[in-house]
$ cat data_0.pdb   # PDB, C-alpha atoms
ATOM      1  CA  MET S   1       8.487 -20.829  -8.408
ATOM      2  CA  ALA S   2       6.808 -18.747 -11.084
ATOM      3  CA  LYS S   3       6.242 -20.105 -14.554
ATOM      4  CA  ASN S   4       7.691 -18.219 -17.492
ATOM      5  CA  HIS S   5       4.767 -18.651 -19.843
ATOM      6  CA  GLU S   6       1.607 -17.755 -18.008
ATOM      7  CA  ASN S   7      -0.895 -18.646 -20.675
ATOM      8  CA  GLU S   8      -3.705 -16.234 -19.815
ATOM      9  CA  LYS S   9      -4.280 -13.808 -22.677
ATOM     10  CA  PHE S  10      -5.958 -11.258 -20.455
ATOM     11  CA  PRO S  11      -4.962 -10.097 -16.929
ATOM     12  CA  ILE S  12      -8.103 -11.661 -15.486
ATOM     13  CA  GLY S  13      -6.612 -12.221 -12.018
ATOM     14  CA  HIS S  14      -5.624  -8.575 -11.708
ATOM     15  CA  ILE S  15      -9.019  -7.332 -12.836
ATOM     16  CA  ALA S  16     -10.752  -9.666 -10.359
ATOM     17  CA  GLY S  17      -8.431  -8.464  -7.579
ATOM     18  CA  PHE S  18      -9.179  -4.834  -8.440
ATOM     19  CA  ILE S  19     -12.953  -5.323  -8.473
ATOM     20  CA  VAL S  20     -12.908  -7.217  -5.162
ATOM     21  CA  SER S  21     -10.711  -4.470  -3.627
ATOM     22  CA  LEU S  22     -13.233  -1.841  -4.738
ATOM     23  CA  LEU S  23     -16.110  -3.880  -3.299
ATOM     24  CA  LEU S  24     -14.272  -4.287   0.029
ATOM     25  CA  THR S  25     -13.579  -0.532   0.173
ATOM     26  CA  PHE S  26     -17.214   0.397  -0.477
ATOM     27  CA  ALA S  27     -18.436  -2.312   1.918
ATOM     28  CA  ALA S  28     -16.289  -0.701   4.656
ATOM     29  CA  VAL S  29     -17.743   2.756   3.890
ATOM     30  CA  GLY S  30     -21.246   1.285   3.930
ATOM     31  CA  ALA S  31     -20.699  -0.528   7.232
ATOM     32  CA  LYS S  32     -19.364   2.607   8.926
ATOM     33  CA  LEU S  33     -21.563   5.362   7.527
ATOM     34  CA  TYR S  34     -24.815   3.665   6.551
ATOM     35  CA  THR S  35     -25.562   1.192   9.366
ATOM     36  CA  ASP S  36     -26.574   1.671  13.000
ATOM     37  CA  LEU S  37     -24.411  -1.154  14.360
ATOM     38  CA  PRO S  38     -22.522  -0.517  17.621
ATOM     39  CA  MET S  39     -19.087   1.116  17.204
ATOM     40  CA  ILE S  40     -17.180  -1.979  18.375
ATOM     41  CA  THR S  41     -18.936  -4.214  15.809
ATOM     42  CA  VAL S  42     -18.251  -1.697  13.038
ATOM     43  CA  MET S  43     -14.549  -1.543  14.003
ATOM     44  CA  TRP S  44     -14.242  -5.342  13.780
ATOM     45  CA  ILE S  45     -16.021  -5.382  10.408
ATOM     46  CA  ILE S  46     -13.965  -2.619   8.768
ATOM     47  CA  GLY S  47     -10.759  -3.974  10.347
ATOM     48  CA  ALA S  48     -11.462  -7.434   8.909
ATOM     49  CA  LEU S  49     -12.258  -5.926   5.492
ATOM     50  CA  ALA S  50      -8.904  -4.052   5.578
ATOM     51  CA  VAL S  51      -6.980  -7.238   6.428
ATOM     52  CA  ILE S  52      -8.732  -9.169   3.642
ATOM     53  CA  GLN S  53      -7.886  -6.424   1.139
ATOM     54  CA  ALA S  54      -4.236  -6.339   2.262
ATOM     55  CA  ILE S  55      -3.948 -10.135   1.858
ATOM     56  CA  LEU S  56      -5.569  -9.811  -1.571
ATOM     57  CA  GLN S  57      -2.909  -7.280  -2.629
ATOM     58  CA  LEU S  58      -0.100  -9.535  -1.385
ATOM     59  CA  PHE S  59      -1.277 -12.551  -3.387
ATOM     60  CA  MET S  60      -2.999 -11.086  -6.462
ATOM     61  CA  PHE S  61      -0.659  -8.158  -7.183
ATOM     62  CA  MET S  62       2.605  -8.766  -5.319
ATOM     63  CA  HIS S  63       3.196 -12.434  -6.236
ATOM     64  CA  LEU S  64       4.163 -13.151  -2.595
ATOM     65  CA  THR S  65       4.488 -16.903  -3.165
ATOM     66  CA  GLU S  66       6.917 -16.630  -6.094
ATOM     67  CA  GLY S  67      10.701 -16.679  -5.858
ATOM     68  CA  GLU S  68      11.683 -17.540  -2.282
ATOM     69  CA  GLY S  69       7.964 -17.826  -1.582
ATOM     70  CA  GLN S  70       8.145 -19.675   1.708
ATOM     71  CA  VAL S  71      10.757 -17.380   3.274
ATOM     72  CA  GLN S  72       8.915 -14.301   1.999
ATOM     73  CA  THR S  73       5.585 -15.517   3.364
ATOM     74  CA  ILE S  74       7.022 -16.309   6.801
ATOM     75  CA  ASN S  75       8.805 -12.926   6.815
ATOM     76  CA  ILE S  76       5.592 -11.031   6.011
ATOM     77  CA  ILE S  77       3.554 -13.018   8.556
ATOM     78  CA  TYR S  78       6.214 -12.214  11.176
ATOM     79  CA  ALA S  79       6.183  -8.522  10.162
ATOM     80  CA  PHE S  80       2.405  -8.373  10.589
ATOM     81  CA  PHE S  81       2.712 -10.183  13.930
ATOM     82  CA  CYS S  82       5.204  -7.507  15.099
ATOM     83  CA  ALA S  83       2.901  -4.785  13.753
ATOM     84  CA  ILE S  84      -0.071  -6.146  15.703
ATOM     85  CA  VAL S  85       2.009  -6.419  18.892
ATOM     86  CA  VAL S  86       3.432  -2.895  18.489
ATOM     87  CA  ALA S  87       0.260  -1.079  17.410
ATOM     88  CA  GLY S  88      -2.354  -3.212  19.179
ATOM     89  CA  GLY S  89      -0.260  -3.578  22.340
ATOM     90  CA  THR S  90       0.532   0.128  22.581
ATOM     91  CA  ILE S  91      -3.057   1.200  22.043
ATOM     92  CA  TRP S  92      -4.311  -1.384  24.547
ATOM     93  CA  VAL S  93      -1.832  -0.294  27.221
ATOM     94  CA  MET S  94      -2.530   3.408  26.633
ATOM     95  CA  THR S  95      -6.331   3.037  26.704
ATOM     96  CA  SER S  96      -8.069   0.115  28.409
ATOM     97  CA  GLY S  97      -4.866  -1.451  29.767
ATOM     98  CA  HIS S  98      -4.163   1.148  32.458
ATOM     99  CA  VAL S  99      -7.776   1.784  33.369
ATOM    100  CA  HIS S 100      -7.522  -0.898  36.050
ATOM    101  CA  TYR S 101      -4.704   0.846  37.941
TER     102      TYR S 101
ATOM    103  CA  MET E 102      28.746 -14.327 -16.292
ATOM    104  CA  ALA E 103      26.105 -15.344 -13.770
ATOM    105  CA  LYS E 104      24.109 -18.497 -14.359
ATOM    106  CA  VAL E 105      20.868 -17.665 -16.124
ATOM    107  CA  ASP E 106      17.795 -19.875 -15.675
ATOM    108  CA  LYS E 107      15.657 -19.246 -18.750
ATOM    109  CA  SER E 108      12.719 -21.263 -17.447
ATOM    110  CA  LEU E 109      11.887 -18.475 -14.966
ATOM    111  CA  PRO E 110      10.445 -14.996 -15.573
ATOM    112  CA  LEU E 111      13.144 -12.456 -16.513
ATOM    113  CA  GLU E 112      13.279 -10.875 -13.050
ATOM    114  CA  TYR E 113      14.081 -14.228 -11.359
ATOM    115  CA  GLN E 114      16.636 -15.531 -13.875
ATOM    116  CA  THR E 115      19.863 -14.791 -11.989
ATOM    117  CA  GLU E 116      20.856 -15.685  -8.435
ATOM    118  CA  GLN E 117      21.542 -11.978  -7.825
ATOM    119  CA  SER E 118      18.002 -11.036  -8.869
ATOM    120  CA  ARG E 119      16.418 -13.702  -6.684
ATOM    121  CA  LEU E 120      18.424 -12.488  -3.687
ATOM    122  CA  ASN E 121      17.588  -8.829  -4.400
ATOM    123  CA  ILE E 122      13.865  -9.593  -4.554
ATOM    124  CA  LEU E 123      14.042 -11.624  -1.326
ATOM    125  CA  GLY E 124      16.008  -8.777   0.288
ATOM    126  CA  PHE E 125      13.351  -6.306  -0.757
ATOM    127  CA  TRP E 126      10.643  -8.425   0.859
ATOM    128  CA  ILE E 127      12.653  -8.329   4.096
ATOM    129  CA  PHE E 128      12.900  -4.529   3.767
ATOM    130  CA  LEU E 129       9.114  -4.374   3.327
ATOM    131  CA  GLY E 130       8.760  -6.388   6.559
ATOM    132  CA  ALA E 131      10.750  -3.665   8.330
ATOM    133  CA  GLU E 132       8.566  -1.008   6.687
ATOM    134  CA  VAL E 133       5.448  -2.743   8.029
ATOM    135  CA  VAL E 134       6.867  -2.394  11.543
ATOM    136  CA  LEU E 135       7.880   1.256  10.931
ATOM    137  CA  PHE E 136       4.309   2.107   9.993
ATOM    138  CA  ALA E 137       3.030   0.047  12.949
ATOM    139  CA  THR E 138       4.895   2.392  15.340
ATOM    140  CA  LEU E 139       3.229   5.403  13.684
ATOM    141  CA  PHE E 140      -0.193   3.734  13.894
ATOM    142  CA  ALA E 141       0.557   3.026  17.583
ATOM    143  CA  ALA E 142       1.272   6.728  18.167
ATOM    144  CA  TYR E 143      -1.868   7.791  16.304
ATOM    145  CA  GLY E 144      -4.010   5.201  18.078
ATOM    146  CA  SER E 145      -2.772   6.383  21.484
ATOM    147  CA  LEU E 146      -3.075  10.133  20.832
ATOM    148  CA  LYS E 147      -6.128  10.233  18.594
ATOM    149  CA  ASP E 148      -8.483  11.747  21.195
ATOM    150  CA  ASN E 149      -6.155  14.473  22.472
ATOM    151  CA  PHE E 150      -7.526  17.505  20.627
ATOM    152  CA  ALA E 151      -6.172  20.240  22.946
ATOM    153  CA  GLY E 152      -9.117  22.425  21.965
ATOM    154  CA  GLY E 153      -8.240  22.103  18.260
ATOM    155  CA  PRO E 154     -10.317  20.673  15.399
ATOM    156  CA  THR E 155     -11.662  17.114  15.694
ATOM    157  CA  PRO E 156     -11.677  14.460  12.947
ATOM    158  CA  ALA E 157     -15.440  14.891  12.477
ATOM    159  CA  GLU E 158     -14.856  18.581  11.689
ATOM    160  CA  LEU E 159     -11.839  18.010   9.419
ATOM    161  CA  PHE E 160     -12.242  14.798   7.435
ATOM    162  CA  LYS E 161     -14.302  14.887   4.242
ATOM    163  CA  LEU E 162     -15.404  11.541   2.808
ATOM    164  CA  LYS E 163     -15.183  12.815  -0.793
ATOM    165  CA  ASP E 164     -11.483  13.790  -0.587
ATOM    166  CA  VAL E 165     -10.558  10.583   1.214
ATOM    167  CA  MET E 166     -12.416   8.457  -1.348
ATOM    168  CA  ILE E 167     -10.670  10.260  -4.229
ATOM    169  CA  GLU E 168      -7.275   9.545  -2.641
ATOM    170  CA  THR E 169      -8.222   5.921  -1.925
ATOM    171  CA  LEU E 170      -9.500   5.263  -5.444
ATOM    172  CA  LEU E 171      -6.452   6.939  -7.061
ATOM    173  CA  LEU E 172      -4.012   4.837  -5.051
ATOM    174  CA  LEU E 173      -6.003   1.590  -5.376
ATOM    175  CA  THR E 174      -6.289   2.055  -9.146
ATOM    176  CA  SER E 175      -2.570   2.855  -9.389
ATOM    177  CA  SER E 176      -1.789  -0.399  -7.549
ATOM    178  CA  PHE E 177      -3.939  -2.225 -10.117
ATOM    179  CA  THR E 178      -2.303  -0.507 -13.127
ATOM    180  CA  CYS E 179       1.121  -1.303 -11.657
ATOM    181  CA  GLY E 180       0.072  -4.967 -11.573
ATOM    182  CA  ILE E 181      -0.940  -4.701 -15.239
ATOM    183  CA  ALA E 182       2.500  -3.203 -16.039
ATOM    184  CA  ILE E 183       4.199  -6.298 -14.547
ATOM    185  CA  TRP E 184       1.737  -8.523 -16.420
ATOM    186  CA  TYR E 185       2.973  -6.920 -19.674
ATOM    187  CA  MET E 186       6.594  -7.230 -18.554
ATOM    188  CA  ARG E 187       6.124 -10.989 -18.180
ATOM    189  CA  ARG E 188       4.995 -11.075 -21.812
ATOM    190  CA  GLN E 189       8.171  -9.252 -22.908
ATOM    191  CA  ASN E 190       5.980  -6.314 -23.945
ATOM    192  CA  LEU E 191       8.148  -3.255 -23.207
ATOM    193  CA  LYS E 192       5.654  -0.794 -24.695
ATOM    194  CA  GLY E 193       2.786  -2.149 -22.577
ATOM    195  CA  LEU E 194       5.001  -2.102 -19.508
ATOM    196  CA  LEU E 195       6.053   1.539 -20.023
ATOM    197  CA  THR E 196       2.511   2.684 -20.857
ATOM    198  CA  TRP E 197       1.028   1.186 -17.692
ATOM    199  CA  LEU E 198       3.941   2.332 -15.532
ATOM    200  CA  ILE E 199       3.393   5.909 -16.701
ATOM    201  CA  ILE E 200      -0.368   5.616 -16.012
ATOM    202  CA  THR E 201       0.551   4.314 -12.539
ATOM    203  CA  LEU E 202       2.788   7.321 -11.905
ATOM    204  CA  ALA E 203       0.142   9.769 -13.158
ATOM    205  CA  LEU E 204      -2.344   8.274 -10.664
ATOM    206  CA  GLY E 205       0.294   8.397  -7.928
ATOM    207  CA  ALA E 206       1.016  12.053  -8.704
ATOM    208  CA  GLY E 207      -2.742  12.709  -8.581
ATOM    209  CA  PHE E 208      -2.834  11.131  -5.133
ATOM    210  CA  VAL E 209       0.020  13.333  -3.853
ATOM    211  CA  PHE E 210      -1.662  16.417  -5.359
ATOM    212  CA  VAL E 211      -4.995  15.716  -3.608
ATOM    213  CA  GLU E 212      -3.229  14.898  -0.336
ATOM    214  CA  VAL E 213      -1.121  18.091  -0.364
ATOM    215  CA  ASN E 214      -4.292  20.116  -1.067
ATOM    216  CA  GLU E 215      -6.015  18.343   1.814
ATOM    217  CA  PHE E 216      -3.142  19.280   4.159
ATOM    218  CA  ILE E 217      -3.154  22.922   2.982
ATOM    219  CA  HIS E 218      -6.897  23.003   3.608
ATOM    220  CA  TYR E 219      -6.406  21.617   7.135
ATOM    221  CA  VAL E 220      -3.737  24.204   7.946
ATOM    222  CA  HIS E 221      -6.086  26.977   6.791
ATOM    223  CA  GLU E 222      -8.687  25.610   9.204
ATOM    224  CA  GLY E 223      -6.178  25.950  12.028
ATOM    225  CA  ALA E 224      -5.217  22.264  12.090
ATOM    226  CA  THR E 225      -1.421  22.276  12.020
ATOM    227  CA  MET E 226       1.125  19.753  13.261
ATOM    228  CA  GLN E 227       1.571  21.873  16.424
ATOM    229  CA  THR E 228      -2.131  22.211  17.239
ATOM    230  CA  SER E 229      -2.689  18.981  19.158
ATOM    231  CA  ALA E 230      -1.273  15.513  19.793
ATOM    232  CA  PHE E 231      -3.989  14.101  17.517
ATOM    233  CA  LEU E 232      -2.802  16.295  14.630
ATOM    234  CA  SER E 233       0.914  15.721  15.336
ATOM    235  CA  SER E 234       0.484  11.956  15.095
ATOM    236  CA  PHE E 235      -1.884  12.349  12.131
ATOM    237  CA  PHE E 236       0.558  14.446  10.100
ATOM    238  CA  VAL E 237       3.549  12.226  10.976
ATOM    239  CA  LEU E 238       1.730   9.055   9.860
ATOM    240  CA  LEU E 239       0.178  10.584   6.737
ATOM    241  CA  GLY E 240       3.326  12.569   5.940
ATOM    242  CA  THR E 241       5.519   9.455   6.139
ATOM    243  CA  HIS E 242       3.187   7.647   3.764
ATOM    244  CA  GLY E 243       2.958  10.628   1.383
ATOM    245  CA  LEU E 244       6.750  10.948   1.392
ATOM    246  CA  HIS E 245       7.037   7.258   0.491
ATOM    247  CA  VAL E 246       4.686   7.781  -2.460
ATOM    248  CA  SER E 247       6.645  10.865  -3.593
ATOM    249  CA  ILE E 248       9.969   8.995  -3.372
ATOM    250  CA  GLY E 249       8.369   6.081  -5.230
ATOM    251  CA  ILE E 250       7.434   8.393  -8.108
ATOM    252  CA  GLY E 251      11.033   9.674  -8.394
ATOM    253  CA  TRP E 252      12.394   6.131  -8.154
ATOM    254  CA  ALA E 253      10.009   4.812 -10.835
ATOM    255  CA  ILE E 254      10.998   7.650 -13.202
ATOM    256  CA  LEU E 255      14.636   6.523 -12.891
ATOM    257  CA  ILE E 256      13.559   2.919 -13.648
ATOM    258  CA  ILE E 257      11.575   4.083 -16.692
ATOM    259  CA  ILE E 258      14.685   5.886 -18.011
ATOM    260  CA  GLN E 259      16.711   2.669 -17.576
ATOM    261  CA  LEU E 260      14.010   0.627 -19.343
ATOM    262  CA  MET E 261      14.027   3.042 -22.292
ATOM    263  CA  LYS E 262      17.833   2.954 -22.453
ATOM    264  CA  HIS E 263      18.505  -0.765 -21.991
ATOM    265  CA  GLY E 264      15.174  -2.433 -22.815
ATOM    266  CA  LEU E 265      13.997  -5.527 -20.939
ATOM    267  CA  THR E 266      16.974  -7.418 -19.501
ATOM    268  CA  PRO E 267      17.173  -9.645 -16.403
ATOM    269  CA  THR E 268      18.550  -6.587 -14.545
ATOM    270  CA  THR E 269      15.957  -3.990 -15.611
ATOM    271  CA  ALA E 270      13.162  -6.559 -15.171
ATOM    272  CA  ARG E 271      14.299  -7.227 -11.598
ATOM    273  CA  LYS E 272      14.475  -3.489 -10.833
ATOM    274  CA  THR E 273      11.005  -2.956 -12.279
ATOM    275  CA  PHE E 274       9.606  -5.864 -10.282
ATOM    276  CA  ILE E 275      11.069  -4.433  -7.054
ATOM    277  CA  ILE E 276       9.548  -0.953  -7.587
ATOM    278  CA  SER E 277       6.233  -2.703  -8.269
ATOM    279  CA  LEU E 278       6.472  -4.453  -4.869
ATOM    280  CA  TYR E 279       7.169  -1.084  -3.244
ATOM    281  CA  TRP E 280       4.206   0.519  -4.997
ATOM    282  CA  HIS E 281       1.743  -2.214  -4.005
ATOM    283  CA  PHE E 282       3.072  -2.012  -0.445
ATOM    284  CA  LEU E 283       2.177   1.692  -0.299
ATOM    285  CA  ASP E 284      -1.397   0.804  -1.200
ATOM    286  CA  VAL E 285      -1.431  -1.860   1.539
ATOM    287  CA  VAL E 286      -0.423   0.820   4.080
ATOM    288  CA  TRP E 287      -3.085   3.145   2.685
ATOM    289  CA  ILE E 288      -5.822   0.522   3.211
ATOM    290  CA  PHE E 289      -5.086   0.703   6.951
ATOM    291  CA  ILE E 290      -4.808   4.520   6.967
ATOM    292  CA  PHE E 291      -8.131   4.756   5.120
ATOM    293  CA  THR E 292      -9.786   2.322   7.540
ATOM    294  CA  PHE E 293      -8.411   3.329  10.941
ATOM    295  CA  VAL E 294      -7.368   6.968  10.524
ATOM    296  CA  TYR E 295     -10.216   8.261   8.389
ATOM    297  CA  LEU E 296     -13.206   5.939   8.097
ATOM    298  CA  ALA E 297     -13.324   4.811  11.752
ATOM    299  CA  ARG E 298     -13.537   8.451  12.848
ATOM    300  CA  MET E 299     -16.143   9.799  10.472
ATOM    301  CA  GLY E 300     -19.686  10.654  11.488
ATOM    302  CA  GLY E 301     -22.507   8.170  11.011
TER     303      GLY E 301
END

$ encode --input "data_0.pdb" --output "structure tokens"
Amino acid sequence: MAKNHENEKFPIGHIAGFIVSLLLTFAAVGAKLYTDLPMITVMWIIGALAVIQAILQLFMFMHLTEGEGQVQTINIIYAFFCAIVVAGGTIWVMTSGHVHY
Amino acid sequence: MAKVDKSLPLEYQTEQSRLNILGFWIFLGAEVVLFATLFAAYGSLKDNFAGGPTPAELFKLKDVMIETLLLLTSSFTCGIAIWYMRRQNLKGLLTWLIITLALGAGFVFVEVNEFIHYVHEGATMQTSAFLSSFFVLLGTHGLHVSIGIGWAILIIIQLMKHGLTPTTARKTFIISLYWHFLDVVWIFIFTFVYLARMGG
């Protein structure tokens, strides 16, 4: 549960989260537009950078672990699991999945 | 009168508030899945151009970066607003909330201009399956941001009228969750809709 008197005098966590988010965004642009890596490698890199940035937002800005932290965390993990099944599964079936038939 | 636990931040002090915040997290879980279905549609239809414009012809890195930086910064300023709220600083909270909304309005402005530009280039929702799924996904996100701006204005009015109470603090905290969530969705739009399909 959250504490009432957070003693930091300066929103240092938020500023750190913002700077890291900016770095992740520019790293993704750099990986896609300024390297000659194969497309599949680039997709994994920028996808991983997106997931890291989303997790950063959940913890640094959204206080996911406060309140009913455990229930909220399980709920969000389950939501992302459903999202991966729905989006990843659909795209797989509609592209490489049916190639074999 | 509901039991008030003064050891917690204002927005968590009543049972009602704690349940409302938990309920909003569950709503956000459903929103994640809603957007997943739209990403699924886009991911399946993204190469069906029907002779219309392709992403390489349409997408401009500069516009996309402006939108990304506006929304990312607004997520940060919204976090700062809540940081002030937890220090019982109503003026700081209102100032940063208004900055957040100005950035959000800037985002919607740039996005609407981008869409108008696309339509002038002959890229409408009816042109191809790629553009249909593109406009549905981006439009749903843009609509969420627009609704969020209207919602936050109503919260700001309540804050100015009633000040910081357990109720207004809870409502402000919930709109902040919504606002950060919109940036989380944008990270994936930026990555998979735009960046993955740009030249280079």

$ atom_distance --input "data_0.pdb" --atom1 "CA of Leu296 (chain E)" --atom2 "CA of Thr225 (chain E)"
20.5 Å

$ atom_distance --input "data_0.pdb" --atom1 "CA of Phe150 (chain E)" --atom2 "CA of Phe231 (chain E)"
5.8 Å

$ interface_residues --input "data_0.pdb" --of "chain E" --to "chain S" --cutoff "7 Å" --atoms "only C-alpha atoms" --output "MDAnalysis selection string"
chainID E and resid 108:110 113 119 123 126:127 130:131 133:134 137:138 140:141 144:145 177 180:181 184 278 281 285 288:289 292 296:297 300:301

$ write_last_selection --input "data_0.pdb" --atoms "C-alpha atoms" --output "PDB file, in the frame of the given file"
ATOM      1  CA  SER E 108      12.719 -21.263 -17.447  1.00  0.00           C
ATOM      2  CA  LEU E 109      11.887 -18.475 -14.966  1.00  0.00           C
ATOM      3  CA  PRO E 110      10.445 -14.996 -15.573  1.00  0.00           C
ATOM      4  CA  TYR E 113      14.081 -14.228 -11.359  1.00  0.00           C
ATOM      5  CA  ARG E 119      16.418 -13.702  -6.684  1.00  0.00           C
ATOM      6  CA  LEU E 123      14.042 -11.624  -1.326  1.00  0.00           C
ATOM      7  CA  TRP E 126      10.643  -8.425   0.859  1.00  0.00           C
ATOM      8  CA  ILE E 127      12.653  -8.329   4.096  1.00  0.00           C
ATOM      9  CA  GLY E 130       8.760  -6.388   6.559  1.00  0.00           C
ATOM     10  CA  ALA E 131      10.750  -3.665   8.330  1.00  0.00           C
ATOM     11  CA  VAL E 133       5.448  -2.743   8.029  1.00  0.00           C
ATOM     12  CA  VAL E 134       6.867  -2.394  11.543  1.00  0.00           C
ATOM     13  CA  ALA E 137       3.030   0.047  12.949  1.00  0.00           C
ATOM     14  CA  THR E 138       4.895   2.392  15.340  1.00  0.00           C
ATOM     15  CA  PHE E 140      -0.193   3.734  13.894  1.00  0.00           C
ATOM     16  CA  ALA E 141       0.557   3.026  17.583  1.00  0.00           C
ATOM     17  CA  GLY E 144      -4.010   5.201  18.078  1.00  0.00           C
ATOM     18  CA  SER E 145      -2.772   6.383  21.484  1.00  0.00           C
ATOM     19  CA  PHE E 177      -3.939  -2.225 -10.117  1.00  0.00           C
ATOM     20  CA  GLY E 180       0.072  -4.967 -11.573  1.00  0.00           C
ATOM     21  CA  ILE E 181      -0.940  -4.701 -15.239  1.00  0.00           C
ATOM     22  CA  TRP E 184       1.737  -8.523 -16.420  1.00  0.00           C
ATOM     23  CA  LEU E 278       6.472  -4.453  -4.869  1.00  0.00           C
ATOM     24  CA  HIS E 281       1.743  -2.214  -4.005  1.00  0.00           C
ATOM     25  CA  VAL E 285      -1.431  -1.860   1.539  1.00  0.00           C
ATOM     26  CA  ILE E 288      -5.822   0.522   3.211  1.00  0.00           C
ATOM     27  CA  PHE E 289      -5.086   0.703   6.951  1.00  0.00           C
ATOM     28  CA  THR E 292      -9.786   2.322   7.540  1.00  0.00           C
ATOM     29  CA  LEU E 296     -13.206   5.939   8.097  1.00  0.00           C
ATOM     30  CA  ALA E 297     -13.324   4.811  11.752  1.00  0.00           C
ATOM     31  CA  GLY E 300     -19.686  10.654  11.488  1.00  0.00           C
ATOM     32  CA  GLY E 301     -22.507   8.170  11.011  1.00  0.00           C
TER      33      GLY E 301
END

$ closest_atom_pairs --input "data_0.pdb" --of "region 183-226 of chain E" --to "region 235-259 of chain E" --cutoff "9 Å" --atoms "all atoms listed in the file" --output "JSON lines"
{"residue": "E:Leu195", "atom": "CA", "partner": "E:Ile257", "partner_atom": "CA", "distance": 6.9}
{"residue": "E:Leu198", "atom": "CA", "partner": "E:Ile257", "partner_atom": "CA", "distance": 7.9}
{"residue": "E:Ile199", "atom": "CA", "partner": "E:Ile257", "partner_atom": "CA", "distance": 8.4}
{"residue": "E:Leu202", "atom": "CA", "partner": "E:Ile250", "partner_atom": "CA", "distance": 6.1}
{"residue": "E:Ala203", "atom": "CA", "partner": "E:Ile250", "partner_atom": "CA", "distance": 9.0}
{"residue": "E:Gly205", "atom": "CA", "partner": "E:Val246", "partner_atom": "CA", "distance": 7.0}
{"residue": "E:Ala206", "atom": "CA", "partner": "E:Ile250", "partner_atom": "CA", "distance": 7.4}
{"residue": "E:Phe208", "atom": "CA", "partner": "E:Val246", "partner_atom": "CA", "distance": 8.7}
{"residue": "E:Val209", "atom": "CA", "partner": "E:Gly243", "partner_atom": "CA", "distance": 6.6}
{"residue": "E:Glu212", "atom": "CA", "partner": "E:Gly243", "partner_atom": "CA", "distance": 7.7}
{"residue": "E:Val213", "atom": "CA", "partner": "E:Gly243", "partner_atom": "CA", "distance": 8.7}
{"residue": "E:Phe216", "atom": "CA", "partner": "E:Phe236", "partner_atom": "CA", "distance": 8.5}
{"residue": "E:Thr225", "atom": "CA", "partner": "E:Phe236", "partner_atom": "CA", "distance": 8.3}
{"residue": "E:Met226", "atom": "CA", "partner": "E:Phe236", "partner_atom": "CA", "distance": 6.2}

$ atom_distance --input "data_0.pdb" --atom1 "CA of His221 (chain E)" --atom2 "CA of Pro156 (chain E)"
15.0 Å
